[in-house]
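Read through the structure below, which is laid out as structure tokens, and then see the notes.
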Number of protein chains: 2
Amino acid sequence: MTIYQATASAPVNIACIKYWGKRDTKLILPTNSSLSVTLDQDHLRSTTTSRADPTFTKDRLWLNGQEEEIKDEGRLATCIAELKRQRRQVEEKSQNAPVLSQYAVHICSYNNFPTAAGLASSASGFAALVASLAALYELPASHSELSLIARQGSGSACRSLMSGFVAWERGLKGDGSDSLAVQIAPREHWPDLHALILVVSDDKKGTSSTSGMQRSVETSALLQHRIKHVVPARMTAICDAIKAKDFDSFARITMQDSNQFHAVALDTDPPIFYMNDVSRAIIALIVEYNRASVASGSSLKAAYTYDAGPNAVIYAPKENIREIINLIVAYFPQSQAFKDPFDLFGSSNGQPGEIPLPLGFNPLVAKKFGLDAVKNLIHTCIGDGPRVLGSGDALLGNNGLPKVIAISALNQ
Amino acid sequence: MTIYQATASAPVNIACIKYWGKRDTKLILPTNSSLSVTLDQDHLRSTTTSRADPTFTKDRLWLNGQEEEIKDEGRLATCIAELKRQRRQVEEKSQNAPVLSQYAVHICSYNNFPTAAGLASSASGFAALVASLAALYELPASHSELSLIARQGSGSACRSLMSGFVAWERGLKGDGSDSLAVQIAPREHWPDLHALILVVSDDKKGTSSTSGMQRSVETSALLQHRIKHVVPARMTAICDAIKAKDFDSFARITMQDSNQFHAVALDTDPPIFYMNDVSRAIIALIVEYNRASVASGSSLKAAYTYDAGPNAVIYAPKENIREIINLIVAYFPQSQAFKDPFDLFGSSNGQPGEIPLPLGFNPLVAKKFGLDAVKNLIHTCIGDGPRVLGSGDALLGNNGLPKVIAISALNQ
């Protein structure tokens, strides 16, 4: 008996130009274009195995070992139905193709980062789901075409289908057929750009981005101005900056757009706050780090950006990352030792938090926080798009049910 | 020998439609109109004595017992020069008038609230200065005309020259002659509207509003939209709400405009944050307090507003103030007993923080903070404009120098 199964992994992406607001909530069509950097799935990824089998009685999904309901007409069901529809087209063209579109599917997905990390897993999760089903169904679709499907699972998931720097074009059509991801540059274009994720503790449950963004659409006067006048110019400018590998412009636009997204959240009624005092202090440190650099005749050294939560993502050229980690650890002492995937801190290289602050840096711009106000630092770089993995990585066992794998075993 | 001396007190005002941005930094002409409520100077006030004397060798100023330099062409010098100019007109019309305009002045000013309270004292301070000199000089100017002078000392000071609800009209003229304060309604119109000031601890020194607002003018794309499109409509709407004593509309606009001011500060490059986690938690409590009220079929019960700092000012009908104080103290325990100027908490009336929360209120919207995260609660109401006081209240002694008065003795 043939087993019809495929496994794929997909990366996280972090936007520089933020997606905030839908013009169509069912099709997930955004009010403005956005742009993100795909992060390396060697560090952060979702992995999904999909299997089609005539003995399966219904579509089922397991996420991080727990079965989740696939709601009728929900986002998951929409994605699966569209992928089956495209499979039918394959079957119609090739008489030899097995009729997988008529079989139910079992889907098993794991994230290698804990949900508690506060990192949005819906983007990498839906991208991995679409990639694994597309591989199972042997769809001829391009990654841009697949991004149309992932978009309907979770808007920003469409940007996780490609390597490097990815734009999600707003599109103009009512059916959403032109609202898709487009690669601006592959990872190889600018390998020197690295990312540092600062996981921030928060005792406040935030507003979900899905409900928050629609409240902004309905109540923020400033969002409309952002959509019409600010984002189009910024999209052009940041694409130019990426193509020219102009970190100074890239950083400036990234920080301005993060600020403006949170400004619009605050202009919402009632207001939405995602950043807290720790987030604010990280911004103060990066602003001062850049100021001191510019004052000494150099250029910007780092860019912060915040999604719908208190965590910071800092983009910087690789050569600055050691200095930035040192700076962060000096103000936010850590109970865990820094995992150093790029081996920045050798024995003769000092330890994070113990190296003097950069020349001219004013230490009074923030206070020193208590232990683990920043819980974790993750150093990563720009990554590739979804990967189709071999059967050795499959998450479903021979019986078509999840292998018993503790989530912790998948963590690096 | 005749002593030429006058003493006046002036109130604090707290804006509902915020002033943020100048179109002329020398004349202090704002980019948009604003609207404030004058608070009762029985509770918070600046008091100023001005004396003109032929024996004085130069203009001198003492603020809270400390002599301050009057810089050439500075804001203080501008105000004093303009008041002297208007005095000269009086002298030209009346041959009997003493030539006070040719004498130097001594000015002594006290605030009855500590600077550490974080309340802007420049508005009440400049209003009291202008009022005392206008009294000394027996100027025929109306309060609106005097507001033109106070505006050049500190923009928002122009709004402290009147009772009740006061608009500062943006004006259109280049010389600023139409950028003045206008009374929308006197205090007697809506005596039921009370205010609660929550003084919030902060370990971060904020950006001064003078430099911050110009950075917003230069860098925030959203501020321009606010100036052109949002504020004009809100000014009309809030004036209508005040005239109709429509607290629901008044509260909604006040909160939206506070949010938008802070949104614009955040949209500035680099971003400006005035609110901290305590400010955010107070907003969450007021939002939930209103939500529970609306859910039970009632209307909004309170409105928060934040100036360029973490302190909250809450406007509410008097009947809700006891409930609000109770709510705040339940989440922000106080080391000092609440000073209860309106006698809301009698022996049979419960103590702040010990009365059950309002029906339907979700207690999980905020966590309970540590002692004195909110340092102080000040309950006040709408107030009148500057008062000319008798010689018994004079702050200058017979020798023309400040009487030795400890600041604490002036506190209530």
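In the structure tokens, chains take the letters A, B, ... in the order shown, each chain's residues start at 1, and ligands count up from 1 in the order shown.
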
**Report entry** Those of stretch 21-148 of chain B in DSSP helix (DSSP H, G or I), formatted as a PyMOL selection string
**Finding:** chain B and resi 75-93+100-102+115-117+122-136+143-148

If we count only C-alpha atoms, what is near A:Leu223 at a cut-off of 8 Å, once residues fewer than 6 positions away on the same chain are taken out, given as a short mmCIF file (atom, residue, chain, number, x, y, z; two decimals) with C-alpha atoms, in the first residue's frame?
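Writing the result to part17.cif gives the following:
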```cif
data_model
loop_
_atom_site.label_atom_id
_atom_site.label_comp_id
_atom_site.auth_asym_id
_atom_site.auth_seq_id
_atom_site.Cartn_x
_atom_site.Cartn_y
_atom_site.Cartn_z
CA SER A 216 -8.35 50.24 14.45
CA VAL A 217 -9.97 50.14 11.02
CA VAL A 264 -2.30 53.61 15.37
#
```

Checklist entry - Pick the closest to B:Pro402 from B:Cys108, B:Val130, B:Val230, B:Ala265: which is it, counting only C-alpha atoms? => result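 Smallest distance to B:Pro402 is found for B:Cys108.
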
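The residues of chain A lying at most 6 Å from chain B, with only C-alpha atoms taken into account, are A:Asn259, A:Gln260, A:Ala263, A:Leu266, A:Asp267, A:Asp277.
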
Excluding A:Asn311 and residues on its chain fewer than 6 positions from it, collect all residues at most 6 Å away from it, counting only C-alpha atoms, and give them as a PDB file with C-alpha atoms, in the first residue's frame.
```pdb
ATOM      1  CA  LEU A 198      14.207  39.705  22.810  1.00  0.00           C
ATOM      2  CA  VAL A 199      11.453  37.811  24.557  1.00  0.00           C
ATOM      3  CA  VAL A 200       9.861  40.193  27.064  1.00  0.00           C
TER       4      VAL A 200
END
```
